[in-house]
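Student: Sharing entry_8.txt below, compact mmCIF, C-alpha atoms and all ligand atoms:
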```txt
# COMPACT_ATOMS: atom_id res chain seq x y z
CA MET A 32 0.00 0.00 0.00
CA VAL A 33 2.72 2.44 0.95
CA ARG A 34 5.76 2.50 -1.28
CA MET A 35 8.85 2.12 0.88
CA ALA A 36 12.51 1.66 -0.04
CA ARG A 37 15.67 0.55 1.63
CA VAL A 38 18.09 3.42 1.34
CA SER A 39 21.80 3.19 2.03
CA PHE A 40 23.17 6.22 3.89
CA GLY A 41 26.87 5.68 3.36
CA GLY A 42 26.44 2.02 4.19
CA ILE A 43 23.78 2.29 6.88
CA ILE A 44 20.48 0.96 5.61
CA LYS A 45 17.29 2.74 6.63
CA GLU A 46 13.73 2.64 5.39
CA ALA A 47 12.28 5.61 3.57
CA SER A 48 8.88 6.36 2.10
CA LEU A 49 8.88 6.84 -1.67
CA GLU A 50 5.38 8.31 -1.80
CA MET A 51 6.71 11.77 -2.71
CA VAL A 52 9.01 10.52 -5.49
CA PRO A 53 6.86 8.26 -7.67
CA GLN A 54 9.50 8.41 -10.42
CA ALA A 55 12.31 6.96 -8.22
CA LYS A 56 13.84 3.68 -9.43
CA VAL A 57 16.22 1.18 -7.90
CA ASP A 58 19.80 2.60 -7.87
CA ASP A 59 18.64 6.21 -7.92
CA TYR A 60 20.09 8.67 -5.47
CA VAL A 61 17.40 10.26 -3.36
CA LEU A 62 17.33 13.05 -0.81
CA VAL A 63 15.67 11.73 2.35
CA HIS A 64 14.33 14.04 5.02
CA VAL A 65 12.81 12.67 8.25
CA GLY A 66 12.06 9.30 6.69
CA VAL A 67 10.56 10.57 3.45
CA ALA A 68 12.39 10.75 0.11
CA ILE A 69 11.72 14.24 -1.27
CA SER A 70 13.92 14.53 -4.35
CA VAL A 71 15.79 12.37 -6.84
CA VAL A 72 19.28 13.57 -7.77
CA ASP A 73 19.52 14.79 -11.35
CA GLU A 74 22.82 13.29 -12.51
CA GLU A 75 23.31 15.75 -15.37
CA GLU A 76 22.66 18.78 -13.19
CA ALA A 77 25.02 17.37 -10.57
CA LYS A 78 27.90 18.23 -12.88
CA GLN A 79 27.06 21.92 -13.19
CA THR A 80 28.90 22.88 -10.00
CA PHE A 81 32.12 21.60 -11.56
CA ARG A 82 31.42 22.90 -15.04
CA TYR A 83 30.74 26.34 -13.61
CA LEU A 84 34.39 26.54 -12.58
CA GLU A 85 35.54 25.06 -15.84
CA ALA A 86 33.55 27.66 -17.74
CA MET A 87 35.43 30.40 -15.94
CA GLY A 88 38.63 29.01 -17.41
CA GLU A 89 39.96 28.57 -13.95
CA VAL A 90 40.95 24.99 -13.77
CA GLU A 91 42.27 23.67 -17.04
CA ASP A 92 45.94 24.04 -16.32
CA GLU A 93 46.38 22.80 -12.84
CA LEU A 94 43.54 20.46 -12.29
CA ASN A 95 41.78 17.81 -14.24
CA ILE A 96 38.14 18.54 -13.64
CA SER A 97 36.98 15.09 -14.61
CA GLU A 98 38.35 13.87 -11.29
CA PHE A 99 35.60 15.73 -9.55
CA LEU A 100 32.73 14.79 -11.76
CA PRO A 101 30.50 12.37 -9.91
CA ASP A 102 31.30 8.90 -11.13
CA ARG A 103 28.70 6.32 -11.86
CA GLU A 104 30.24 3.28 -10.32
CA GLU A 105 29.28 3.24 -6.69
CA TYR A 106 25.70 3.77 -5.83
CA SER A 107 23.20 3.70 -3.06
CA ASN A 108 19.47 3.90 -3.32
CA MET B 299 29.71 8.85 -0.60
CA LYS B 300 28.61 9.84 -4.05
CA TYR B 301 27.11 13.33 -4.33
CA LEU B 302 28.73 14.30 -1.04
CA THR B 303 32.50 13.96 -1.20
CA GLU B 304 32.78 15.87 -4.47
CA TYR B 305 31.02 18.80 -2.85
CA ARG B 306 33.42 18.73 0.08
CA ASP B 307 36.56 18.65 -2.03
CA PRO B 308 39.03 21.18 -0.59
CA GLU B 309 40.59 21.90 -3.98
CA VAL B 310 37.31 22.73 -5.61
CA ALA B 311 36.40 24.84 -2.59
CA ALA B 312 39.72 26.67 -2.90
CA ARG B 313 38.96 27.46 -6.55
CA TYR B 314 35.63 28.93 -5.62
CA LEU B 315 37.17 30.99 -2.83
CA GLU B 316 39.78 32.34 -5.19
CA GLU B 317 37.11 33.31 -7.69
CA ILE B 318 35.09 35.04 -4.97
CA LYS B 319 38.17 37.03 -3.96
CA LYS B 320 38.78 38.05 -7.57
CA THR B 321 35.18 39.11 -8.06
CA VAL B 322 34.48 41.14 -4.94
CA THR B 323 35.38 44.86 -5.01
CA ARG B 324 33.32 46.27 -2.12
CA PRO B 325 31.54 45.13 1.05
CA TRP B 326 28.41 43.01 0.73
CA THR B 327 26.14 41.51 3.36
CA ILE B 328 24.73 38.12 2.40
CA MET B 329 22.28 36.11 4.48
CA GLU B 330 22.16 32.34 4.37
CA VAL B 331 18.58 31.65 5.33
CA CYS B 332 18.86 28.06 6.47
CA GLY B 333 20.35 26.86 9.75
CA GLY B 334 21.84 23.86 7.96
CA GLN B 335 23.85 26.29 5.86
CA THR B 336 24.90 28.24 8.97
CA HIS B 337 26.14 25.02 10.52
CA SER B 338 28.08 24.10 7.38
CA LEU B 339 29.58 27.61 7.03
CA VAL B 340 30.88 27.58 10.59
CA LYS B 341 31.87 23.93 10.81
CA ASN B 342 33.86 23.98 7.60
CA GLY B 343 35.62 27.20 8.51
CA ILE B 344 34.25 29.01 5.48
CA LEU B 345 33.53 32.13 7.53
CA ASN B 346 37.19 32.80 8.16
CA MET B 347 38.25 31.98 4.64
CA LEU B 348 35.94 34.42 2.90
CA PRO B 349 37.40 37.80 1.94
CA PRO B 350 36.72 40.50 4.58
CA GLU B 351 34.35 42.32 2.21
CA ILE B 352 31.81 39.53 2.57
CA ASN B 353 29.75 39.69 5.72
CA MET B 354 27.67 36.54 6.16
CA VAL B 355 24.65 36.97 8.44
CA HIS B 356 22.63 34.05 9.68
CA GLY B 357 18.95 33.82 8.99
CA PRO B 358 15.93 32.48 10.84
CA GLY B 359 16.03 29.09 9.12
CA CYS B 360 16.34 26.91 12.19
CA PRO B 361 12.97 25.34 13.03
CA VAL B 362 13.95 24.71 16.63
CA CYS B 363 14.93 28.36 17.07
CA VAL B 364 11.75 29.91 15.71
CA THR B 365 9.18 27.60 17.32
CA PRO B 366 7.31 29.91 19.72
CA LEU B 367 7.79 29.59 23.46
CA ASN B 368 4.04 29.10 23.81
CA LEU B 369 4.17 25.98 21.66
CA ILE B 370 6.97 24.49 23.75
CA ASP B 371 4.77 25.11 26.79
CA LYS B 372 1.88 23.39 25.02
CA ALA B 373 4.05 20.39 24.15
CA VAL B 374 5.16 20.13 27.78
CA TYR B 375 1.55 20.36 28.92
CA LEU B 376 0.47 17.59 26.53
CA ALA B 377 3.43 15.39 27.48
CA GLU B 378 2.37 15.64 31.11
CA GLU B 379 -1.23 14.67 30.35
CA LYS B 380 -2.10 11.20 31.55
CA ASN B 381 -2.10 8.58 28.84
CA VAL B 382 -0.22 10.70 26.28
CA ILE B 383 2.91 9.59 24.46
CA LEU B 384 4.54 12.74 23.10
CA CYS B 385 6.84 12.12 20.14
CA SER B 386 9.33 14.69 18.89
CA PHE B 387 12.47 15.23 16.88
CA GLY B 388 15.39 15.06 19.32
CA ASP B 389 16.57 18.64 19.12
CA MET B 390 13.27 20.05 20.43
CA LEU B 391 13.79 18.44 23.82
CA ARG B 392 16.30 20.85 25.30
CA VAL B 393 14.60 24.04 24.10
CA PRO B 394 13.70 26.04 27.21
CA GLY B 395 9.98 26.57 27.75
CA SER B 396 8.71 29.22 30.15
CA GLU B 397 8.85 26.77 33.06
CA LYS B 398 10.64 23.74 31.76
CA SER B 399 11.87 21.97 28.67
CA LEU B 400 10.53 18.67 27.32
CA LEU B 401 13.68 17.03 28.62
CA GLU B 402 12.85 18.19 32.13
CA ALA B 403 9.28 16.92 31.70
CA LYS B 404 10.71 13.57 30.60
CA ALA B 405 12.97 13.43 33.65
CA GLY B 406 9.84 14.09 35.70
CA GLY B 407 8.21 10.96 34.28
CA ALA B 408 6.41 12.11 31.11
CA ASP B 409 6.43 9.56 28.28
CA ILE B 410 8.37 11.45 25.62
CA ARG B 411 9.94 9.61 22.71
CA ILE B 412 12.53 10.89 20.30
CA LEU B 413 11.84 9.86 16.74
CA TYR B 414 13.60 10.22 13.42
CA SER B 415 10.38 10.40 11.42
CA PRO B 416 6.72 11.30 12.09
CA LEU B 417 5.78 8.10 10.24
CA GLU B 418 7.18 6.13 13.21
CA ALA B 419 4.77 7.97 15.49
CA VAL B 420 1.85 6.61 13.47
CA ASN B 421 3.20 3.09 14.03
CA ILE B 422 3.46 3.77 17.77
CA ALA B 423 -0.18 4.90 17.73
CA ALA B 424 -1.23 1.71 15.90
CA GLN B 425 0.63 -0.41 18.46
CA ASN B 426 -0.77 1.45 21.48
CA PRO B 427 -4.52 1.75 20.86
CA ASP B 428 -5.21 2.59 24.51
CA ARG B 429 -2.78 5.56 24.53
CA GLN B 430 -2.93 8.95 22.79
CA VAL B 431 0.09 9.63 20.58
CA VAL B 432 0.95 13.26 19.79
CA PHE B 433 3.69 14.21 17.35
CA PHE B 434 5.30 17.63 17.86
CA ALA B 435 5.29 18.63 14.19
CA VAL B 436 7.70 21.51 13.76
CA GLY B 437 9.73 22.45 10.74
CA PHE B 438 9.89 24.31 7.47
CA GLU B 439 8.45 23.34 4.09
CA THR B 440 10.99 20.51 3.93
CA THR B 441 9.40 18.68 6.86
CA ALA B 442 5.80 19.51 5.98
CA PRO B 443 5.27 16.60 3.53
CA ALA B 444 6.38 14.02 6.13
CA ASN B 445 4.20 15.55 8.83
CA ALA B 446 1.24 15.77 6.45
CA LEU B 447 1.85 12.20 5.34
CA SER B 448 1.69 11.03 8.96
CA VAL B 449 -1.83 12.46 9.19
CA VAL B 450 -2.80 10.81 5.91
CA HIS B 451 -1.41 7.45 7.10
CA ALA B 452 -3.29 7.74 10.40
CA HIS B 453 -6.45 8.64 8.50
CA ARG B 454 -6.09 5.66 6.15
CA GLN B 455 -5.72 3.36 9.15
CA ASN B 456 -8.61 5.13 10.83
CA LEU B 457 -6.57 5.71 13.98
CA ASP B 458 -8.33 7.89 16.49
CA ASN B 459 -5.39 8.06 18.90
CA TYR B 460 -2.96 10.01 16.68
CA SER B 461 -2.64 13.77 16.41
CA ILE B 462 -0.01 16.41 15.66
CA LEU B 463 0.89 19.61 17.46
CA ALA B 464 1.67 21.56 14.31
CA SER B 465 3.95 24.58 14.18
CA HIS B 466 5.06 24.85 10.59
CA VAL B 467 6.86 27.89 9.31
CA LEU B 468 7.35 29.07 5.74
CA VAL B 469 10.49 30.65 4.37
CA PRO B 470 9.42 33.18 1.67
CA PRO B 471 7.21 35.29 4.01
CA ALA B 472 10.12 35.44 6.48
CA ILE B 473 12.49 36.66 3.76
CA GLU B 474 9.91 39.28 2.83
CA ALA B 475 9.58 40.35 6.49
CA LEU B 476 13.36 40.80 6.68
CA VAL B 477 13.88 42.56 3.38
CA SER B 478 10.93 44.92 3.75
CA ASP B 479 12.24 46.18 7.10
CA GLU B 480 13.72 49.68 6.75
CA THR B 481 16.76 48.75 8.81
CA CYS B 482 17.55 45.76 6.60
CA SER B 483 21.15 45.78 5.41
CA ILE B 484 21.07 42.47 3.55
CA ASP B 485 22.26 42.73 -0.06
CA GLY B 486 21.56 39.15 -1.17
CA PHE B 487 20.14 35.85 0.02
CA LEU B 488 21.15 32.23 -0.23
CA ALA B 489 17.74 30.54 -0.19
CA ALA B 490 17.40 27.17 1.53
CA GLY B 491 17.87 24.42 -1.05
CA HIS B 492 15.88 21.72 0.70
CA VAL B 493 12.85 23.94 1.15
CA CYS B 494 12.91 24.55 -2.61
CA THR B 495 13.03 20.82 -3.43
CA ILE B 496 9.47 20.83 -2.13
CA MET B 497 8.08 24.23 -3.09
CA GLY B 498 10.16 25.04 -6.15
CA MET B 499 11.31 28.57 -6.94
CA ALA B 500 8.11 30.35 -7.97
CA GLU B 501 7.61 32.18 -4.67
CA TYR B 502 11.00 33.89 -4.85
CA GLY B 503 10.68 35.59 -8.25
CA PRO B 504 8.32 38.31 -7.00
CA LEU B 505 10.62 39.01 -4.02
CA VAL B 506 13.62 39.41 -6.32
CA ASP B 507 11.70 41.77 -8.61
CA HIS B 508 9.98 43.80 -5.95
CA TYR B 509 12.93 44.30 -3.60
CA GLN B 510 15.65 44.13 -6.28
CA VAL B 511 17.63 41.65 -4.23
CA PRO B 512 19.50 38.62 -5.65
CA ILE B 513 18.31 35.27 -4.36
CA VAL B 514 20.33 32.13 -5.12
CA VAL B 515 18.82 28.76 -4.19
CA THR B 516 21.78 27.00 -2.58
CA GLY B 517 22.74 23.57 -1.23
CA PHE B 518 24.48 22.66 2.01
CA GLU B 519 27.92 21.30 1.27
CA PRO B 520 30.93 23.65 1.43
CA VAL B 521 31.32 23.77 -2.36
CA ASP B 522 27.58 24.42 -2.77
CA ILE B 523 27.68 27.33 -0.36
CA LEU B 524 30.79 28.81 -1.94
CA GLN B 525 29.24 28.57 -5.39
CA GLY B 526 26.05 30.17 -4.03
CA ILE B 527 28.10 33.03 -2.57
CA LEU B 528 30.02 33.48 -5.83
CA MET B 529 26.79 33.58 -7.87
CA THR B 530 25.35 36.17 -5.47
CA VAL B 531 28.49 38.32 -5.46
CA LYS B 532 28.66 38.27 -9.26
CA GLN B 533 25.12 39.60 -9.46
CA LEU B 534 25.79 42.25 -6.84
CA GLU B 535 28.97 43.44 -8.50
CA ARG B 536 27.13 43.76 -11.81
CA GLY B 537 24.21 45.54 -10.19
CA GLU B 538 21.81 42.72 -11.06
CA ALA B 539 19.01 41.12 -9.07
CA ARG B 540 18.04 37.70 -10.36
CA LEU B 541 16.76 34.40 -9.06
CA GLU B 542 19.29 31.63 -9.67
CA ASN B 543 19.51 27.96 -8.80
CA GLN B 544 22.84 26.63 -7.55
CA TYR B 545 21.25 23.42 -6.26
CA SER B 546 19.80 22.19 -9.55
CA ARG B 547 20.77 18.58 -8.87
CA MET B 548 18.01 18.55 -6.23
CA VAL B 549 15.75 21.52 -6.94
CA ARG B 550 13.43 21.63 -9.95
CA PRO B 551 11.95 25.09 -10.58
CA GLU B 552 8.45 23.65 -10.17
CA GLY B 553 9.28 21.83 -6.90
CA ASN B 554 7.88 18.42 -5.99
CA PRO B 555 4.22 18.20 -7.08
CA SER B 556 3.46 15.04 -5.04
CA ALA B 557 4.77 16.70 -1.90
CA MET B 558 2.86 19.92 -2.52
CA GLU B 559 -0.29 17.92 -3.06
CA VAL B 560 -0.13 16.17 0.32
CA ILE B 561 0.77 19.45 2.05
CA HIS B 562 -2.23 21.22 0.53
CA ASP B 563 -4.47 18.29 1.38
CA VAL B 564 -3.64 18.45 5.09
CA PHE B 565 -2.49 22.02 5.82
CA GLU B 566 -3.67 25.56 5.14
CA VAL B 567 -1.71 28.78 5.41
CA THR B 568 -2.00 30.81 8.61
CA ASP B 569 -0.23 33.69 10.38
CA ARG B 570 2.55 32.44 12.59
CA MET B 571 4.60 33.77 15.48
CA TRP B 572 8.34 33.34 14.95
CA ARG B 573 10.20 33.09 18.23
CA GLY B 574 12.49 36.08 18.66
CA MET B 575 10.79 37.92 15.80
CA THR B 576 7.10 38.76 15.42
CA VAL B 577 3.93 37.34 14.00
CA ILE B 578 4.57 37.13 10.27
CA PRO B 579 1.44 37.12 8.09
CA SER B 580 0.75 33.91 6.12
CA SER B 581 4.00 32.36 7.30
CA GLY B 582 2.87 29.02 8.70
CA TYR B 583 0.72 25.96 8.20
CA GLN B 584 -2.10 24.71 10.39
CA VAL B 585 -4.14 21.52 10.07
CA LYS B 586 -7.21 21.95 7.87
CA ALA B 587 -10.67 21.56 9.39
CA LYS B 588 -11.29 18.33 7.50
CA TYR B 589 -8.46 16.69 9.46
CA GLN B 590 -9.19 18.38 12.78
CA ARG B 591 -9.43 15.11 14.67
CA TYR B 592 -5.67 14.88 14.06
CA ASP B 593 -5.02 18.40 15.34
CA ALA B 594 -3.75 18.09 18.92
CA GLN B 595 -4.57 21.73 19.78
CA LYS B 596 -8.26 21.14 18.96
CA LYS B 597 -8.41 17.58 20.27
CA PHE B 598 -7.04 18.42 23.71
CA SER B 599 -8.27 22.06 23.79
CA VAL B 600 -4.86 23.21 24.92
CA ASN B 601 -4.99 26.76 26.18
CA ILE B 602 -1.82 28.10 27.65
CA ALA B 603 -1.21 31.78 28.23
CA GLU B 604 1.66 33.44 26.38
CA ALA B 605 4.67 33.76 28.69
CA PRO B 606 7.29 36.51 28.33
CA GLU B 607 10.60 35.70 26.65
CA ASN B 608 13.93 35.87 28.42
CA GLU B 609 14.73 39.56 28.05
CA THR B 610 18.46 39.24 27.77
CA CYS B 611 18.41 36.85 24.80
CA ILE B 612 19.08 38.72 21.55
CA ALA B 613 18.10 35.80 19.30
CA GLY B 614 15.73 38.00 17.30
CA GLU B 615 18.48 40.49 16.42
CA ILE B 616 20.71 37.60 15.37
CA MET B 617 18.07 36.03 13.14
CA LYS B 618 17.34 39.37 11.50
CA GLY B 619 21.02 39.64 10.63
CA ASN B 620 21.60 42.71 12.84
CA LYS B 621 23.90 41.06 15.37
CA LYS B 622 26.32 38.14 15.72
CA PRO B 623 26.11 35.61 18.59
CA PHE B 624 29.29 36.86 20.29
CA GLU B 625 27.64 40.26 20.69
CA CYS B 626 25.23 38.69 23.19
CA PRO B 627 26.43 39.20 26.79
CA ASN B 628 25.22 35.69 27.70
CA PHE B 629 27.07 33.95 24.89
CA GLY B 630 29.38 31.31 26.34
CA THR B 631 28.93 32.68 29.87
CA THR B 632 25.44 32.09 31.24
CA CYS B 633 24.23 30.61 27.93
CA LYS B 634 25.87 27.41 26.72
CA PRO B 635 24.58 24.36 24.85
CA GLU B 636 24.36 22.40 28.14
CA ASN B 637 22.29 25.15 29.68
CA PRO B 638 20.73 27.23 26.90
CA LEU B 639 18.88 30.48 27.65
CA GLY B 640 17.53 30.77 24.14
CA ALA B 641 16.65 28.39 21.33
CA PRO B 642 19.56 29.29 18.98
CA MET B 643 21.92 27.77 21.57
CA VAL B 644 20.08 24.44 21.47
CA SER B 645 19.99 23.12 17.94
CA SER B 646 23.20 22.50 16.02
CA GLU B 647 21.51 24.58 13.32
CA GLY B 648 21.09 27.52 15.65
CA ALA B 649 23.60 30.31 15.06
CA CYS B 650 24.61 30.56 18.74
CA ALA B 651 25.32 26.83 19.08
CA ALA B 652 27.18 26.75 15.76
CA TYR B 653 29.41 29.63 16.90
CA TYR B 654 29.87 28.12 20.36
CA HIS B 655 30.95 24.71 19.08
CA PHE B 656 33.49 26.24 16.81
CA SER B 657 34.55 29.05 19.09
CA ASP B 658 38.21 28.69 18.20
CA MET B 659 37.35 29.87 14.75
CA ILE B 660 35.39 32.74 16.18
CA ASN B 661 38.31 33.84 18.34
CA GLN B 662 40.42 33.85 15.26
CA LEU B 663 37.78 35.75 13.36
CA GLN B 664 37.59 38.38 16.07
CA LYS B 665 41.37 38.73 16.14
CA GLU B 666 41.48 39.19 12.42
CA SER B 667 38.80 41.84 12.41
CA ALA B 668 40.30 43.66 15.41
S1 LIG A 701 23.79 33.32 23.26
FE1 LIG A 701 21.99 32.47 24.30
S2 LIG A 701 21.00 34.23 25.24
FE2 LIG A 701 22.44 35.03 23.69
S3 LIG A 701 21.21 35.22 21.80
FE3 LIG A 701 22.14 33.19 21.76
S4 LIG A 701 20.60 31.85 22.66
FE4 LIG A 701 20.02 33.94 23.24
```
Please lay out the structure from this file as structure tokens.
Ligand code: SF4
Tutor:
Amino acid sequence: MVRMARVSFGGIIKEASLEMVPQAKVDDYVLVHVGVAISVVDEEEAKQTFRYLEAMGEVEDELNISEFLPDREEYSN
Amino acid sequence: MKYLTEYRDPEVAARYLEEIKKTVTRPWTIMEVCGGQTHSLVKNGILNMLPPEINMVHGPGCPVCVTPLNLIDKAVYLAEEKNVILCSFGDMLRVPGSEKSLLEAKAGGADIRILYSPLEAVNIAAQNPDRQVVFFAVGFETTAPANALSVVHAHRQNLDNYSILASHVLVPPAIEALVSDETCSIDGFLAAGHVCTIMGMAEYGPLVDHYQVPIVVTGFEPVDILQGILMTVKQLERGEARLENQYSRMVRPEGNPSAMEVIHDVFEVTDRMWRGMTVIPSSGYQVKAKYQRYDAQKKFSVNIAEAPENETCIAGEIMKGNKKPFECPNFGTTCKPENPLGAPMVSSEGACAAYYHFSDMINQLQKESA
């Protein structure tokens, strides 16, 4: 009746209600607040913080920005 | 952890700091609205790394801090009622009421339980049909869906022993109250990212236009906050006032429609007293009449007279951005986290507690500015 999920918080598993995020799928990253998932991370948008710096031409020389792009390997949901 | 460590990366943070330093040419006062952001700013030492031109002031976005004294008194009263199990988020327990805190009521024998989620309180009600379970439902828009959902769950299970003592507060009317004040010296705002995951950004556009003040929806990690500050400073330096979204990985401009739906099903907008400030029009939620059997204030007809605040606590001035915690004569002397005189010393999101816990940084900060 109520859609619940097991969510890993850095390895600790807790239950969370998925009633507010009907679009959430297994392996998605969700933002959980007081036991209720309220947002699903947008993976494309997650890169903008790092691209913003890149766009300012700040980082190319000294730093390889791809290091800081979220990778897709590990996951929790 | 993915989506956390990257936003705590010291090198990325350093890049943002450098860019802020390059961009800023004159003093600006920026308010981070949310207590979670205050905590992050202080804990990560961002306050002392920012260039001296940038004055960060700490907003009223700590639910524990703004919950009125009268409501604490009501919660204590309910907790001491026979047969009541009062459930609450942990950080409400040490907030001083006019006579005692919930923690003191608990020590005196009241059945008070600390929960992580209001949904657990509904389970407690289902398991204890002969007891009355009351959830102390405080918080901003972020917490409103969970609290509303608890009422919906109780309703679906037809529980008649569950109710909430609701004291919800809403961020945009508080920003408006601050920015419309003649003495307001705030040049730009970092809006609270998590609030906007629920409500979206629509409410902030009119504030930006009307008061010509930049508002940047911002996350909570150090890199998020630094990016939010940079985006705000860039606008200010160019003489712009726009609404921007730093936290787009979590915040959609339209918010979360499912969450808004359950909020509007259960709650309606009402005027609300903000502790340390004033009554702000249309700045809170109360339980709608159709769910009044789940409204603890109606169910138990709680009537408790308003008690006066501690006169020496300057929490209101701090939350309006006019003063810093160390300007309070009680700070660190008669008021400490173990024995708080005011709510901002209780919650880790309260500005006074954040400054107290990281007082080494503050000493440094004071030395630098001296
Ligand atoms: S230090 Fe204590 S008394 Fe002073 S403003 Fe903060 S909470 Fe109030």
Student: Skipping near chain neighbours, those fewer than 6 positions away, what residues fall within 8 Å of Ser581 (chain B) using all atoms listed in the file, listed as number ranges by chain?
Tutor: B: 467-472, 567-570
Student: For chain A, which residues have at least one atom within 6 Å of chain B, if we go by only C-alpha atoms? Write them as a tab-separated table (two decimals) with C-alpha atoms, in the frame of the given file, please.
Tutor:
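The resulting file, selection.tsv, is reproduced below:
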```
chain	number	residue	atom	x	y	z
A	41	GLY	CA	26.87	5.68	3.36
A	51	MET	CA	6.71	11.77	-2.71
A	65	VAL	CA	12.81	12.67	8.25
A	66	GLY	CA	12.06	9.30	6.69
A	72	VAL	CA	19.28	13.57	-7.77
A	73	ASP	CA	19.52	14.79	-11.35
A	76	GLU	CA	22.66	18.78	-13.19
A	77	ALA	CA	25.02	17.37	-10.57
A	99	PHE	CA	35.60	15.73	-9.55
```
Student: Using CA of Glu538 (chain B) and CA of Val511 (chain B) as the two end points, give the distance in Å to one decimal.
Tutor: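 Between CA of Glu538 (chain B) and CA of Val511 (chain B) the gap is 8.1 Å.
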Student: Give as a list of chain:residue names each residue that has an atom at most 8 Å from (37.8, 31.1, -0.2) in the file, counting only C-alpha atoms.
Tutor: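 Answer for this query, in the requested form: B:Ala311, B:Ala312, B:Arg313, B:Tyr314, B:Leu315, B:Glu316, B:Glu317, B:Ile318, B:Lys319, B:Ile344, B:Met347, B:Leu348, B:Pro349, B:Leu524.
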Student: Which residues of chain B come within 10 Å of ligand LIG 701 (chain A), and for each one, what is the closest pair of atoms and their distance in Å to one decimal, counting only C-alpha atoms and all ligand atoms, sorted by chain and residue number, as a Markdown table?
Tutor:
```
| residue | atom | partner | partner_atom | distance |
| --- | --- | --- | --- | --- |
| B:Cys363 | CA | A:LIG701 | S4 | 8.7 |
| B:Val393 | CA | A:LIG701 | S4 | 10.0 |
| B:Gly574 | CA | A:LIG701 | FE4 | 9.1 |
| B:Asn608 | CA | A:LIG701 | S2 | 7.9 |
| B:Glu609 | CA | A:LIG701 | S2 | 8.7 |
| B:Thr610 | CA | A:LIG701 | S2 | 6.2 |
| B:Cys611 | CA | A:LIG701 | FE4 | 3.7 |
| B:Ile612 | CA | A:LIG701 | S3 | 4.1 |
| B:Ala613 | CA | A:LIG701 | S3 | 4.0 |
| B:Gly614 | CA | A:LIG701 | S3 | 7.6 |
| B:Glu615 | CA | A:LIG701 | S3 | 8.0 |
| B:Ile616 | CA | A:LIG701 | S3 | 6.9 |
| B:Met617 | CA | A:LIG701 | S3 | 9.2 |
| B:Lys621 | CA | A:LIG701 | S3 | 9.1 |
| B:Lys622 | CA | A:LIG701 | S3 | 8.5 |
| B:Pro623 | CA | A:LIG701 | FE3 | 5.6 |
| B:Phe624 | CA | A:LIG701 | S1 | 7.2 |
| B:Glu625 | CA | A:LIG701 | FE2 | 8.0 |
| B:Cys626 | CA | A:LIG701 | FE2 | 4.6 |
| B:Pro627 | CA | A:LIG701 | FE2 | 6.6 |
| B:Asn628 | CA | A:LIG701 | FE2 | 4.9 |
| B:Phe629 | CA | A:LIG701 | S1 | 3.7 |
| B:Gly630 | CA | A:LIG701 | S1 | 6.7 |
| B:Thr631 | CA | A:LIG701 | S1 | 8.4 |
| B:Thr632 | CA | A:LIG701 | FE1 | 7.8 |
| B:Cys633 | CA | A:LIG701 | FE1 | 4.7 |
| B:Lys634 | CA | A:LIG701 | FE1 | 6.8 |
| B:Pro635 | CA | A:LIG701 | FE1 | 8.5 |
| B:Asn637 | CA | A:LIG701 | FE1 | 9.1 |
| B:Pro638 | CA | A:LIG701 | FE1 | 6.0 |
| B:Leu639 | CA | A:LIG701 | S2 | 4.9 |
| B:Gly640 | CA | A:LIG701 | S4 | 3.6 |
| B:Ala641 | CA | A:LIG701 | S4 | 5.4 |
| B:Pro642 | CA | A:LIG701 | S4 | 4.6 |
| B:Met643 | CA | A:LIG701 | S4 | 4.4 |
| B:Val644 | CA | A:LIG701 | S4 | 7.5 |
| B:Ser645 | CA | A:LIG701 | S4 | 9.9 |
| B:Gly648 | CA | A:LIG701 | S4 | 8.3 |
| B:Ala649 | CA | A:LIG701 | FE3 | 7.4 |
| B:Cys650 | CA | A:LIG701 | FE3 | 4.7 |
| B:Ala651 | CA | A:LIG701 | FE3 | 7.6 |
| B:Tyr653 | CA | A:LIG701 | S1 | 9.3 |
| B:Tyr654 | CA | A:LIG701 | S1 | 8.5 |
```
Student: Calculate how many Å separate CA of Asp409 (chain B) from CA of Ile383 (chain B), rounding to one decimal.
Tutor: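 Going from CA of Asp409 (chain B) over to CA of Ile383 (chain B) covers 5.2 Å.
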Student: How many Å lie between CA of Ile44 (chain A) and CA of Val420 (chain B), rounded to one decimal?
Tutor: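 Computing the Euclidean distance for CA of Ile44 (chain A) and CA of Val420 (chain B) yields 21.0 Å.
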Student: Using only C-alpha atoms, which residues sit within 9 Å of Asn620 (chain B) once same-chain residues fewer than 6 positions away are excluded, as a VMD selection string?
Tutor: chain B and resid 355 481 to 483 614
Student: Taking 3 positions as the minimum chain separation for residues in the same chain, which residues sit within 7 Å of region 364-366 of chain B when counting only C-alpha atoms? Answer as a list in words.
Tutor: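 Skipping anything fewer than 3 positions along the chain leaves Pro358, Cys360, Pro361, Leu369, Ile370, Ser465, Met571, Trp572, Arg573 and Gly574 of chain B.
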Student: Kindly provide, as JSON, the centre and edge lengths (Å, one decimal) of an axis-aligned box around all atoms of region 632-646 of chain B given in the file, with 5 Å on each side.
Tutor:
```
{"center_x": 21.3, "center_y": 27.2, "center_z": 23.6, "size_x": 19.2, "size_y": 19.7, "size_z": 25.2}
```
Student: Looking at only C-alpha atoms, which of B:Ala408, B:Ala539, B:Cys385, B:Ile578 is the one that sits closest to Phe433 (chain B)?
Tutor: B:Cys385
Student: Would you kindly return, as a list in words, each protein, DNA or RNA residue with an atom no farther than 10 Å from any atom of Val38 (chain A), considering all atoms listed in the file and excluding same-chain residues fewer than 6 positions away?
Tutor: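 Everything that qualifies: Ile44, Lys45, Glu46, Ala47, Ser48, Val57, Asp58, Asp59, Tyr60, Val61, Leu62, Val63, Gly66, Ala68, Ser107 and Asn108 of chain A.
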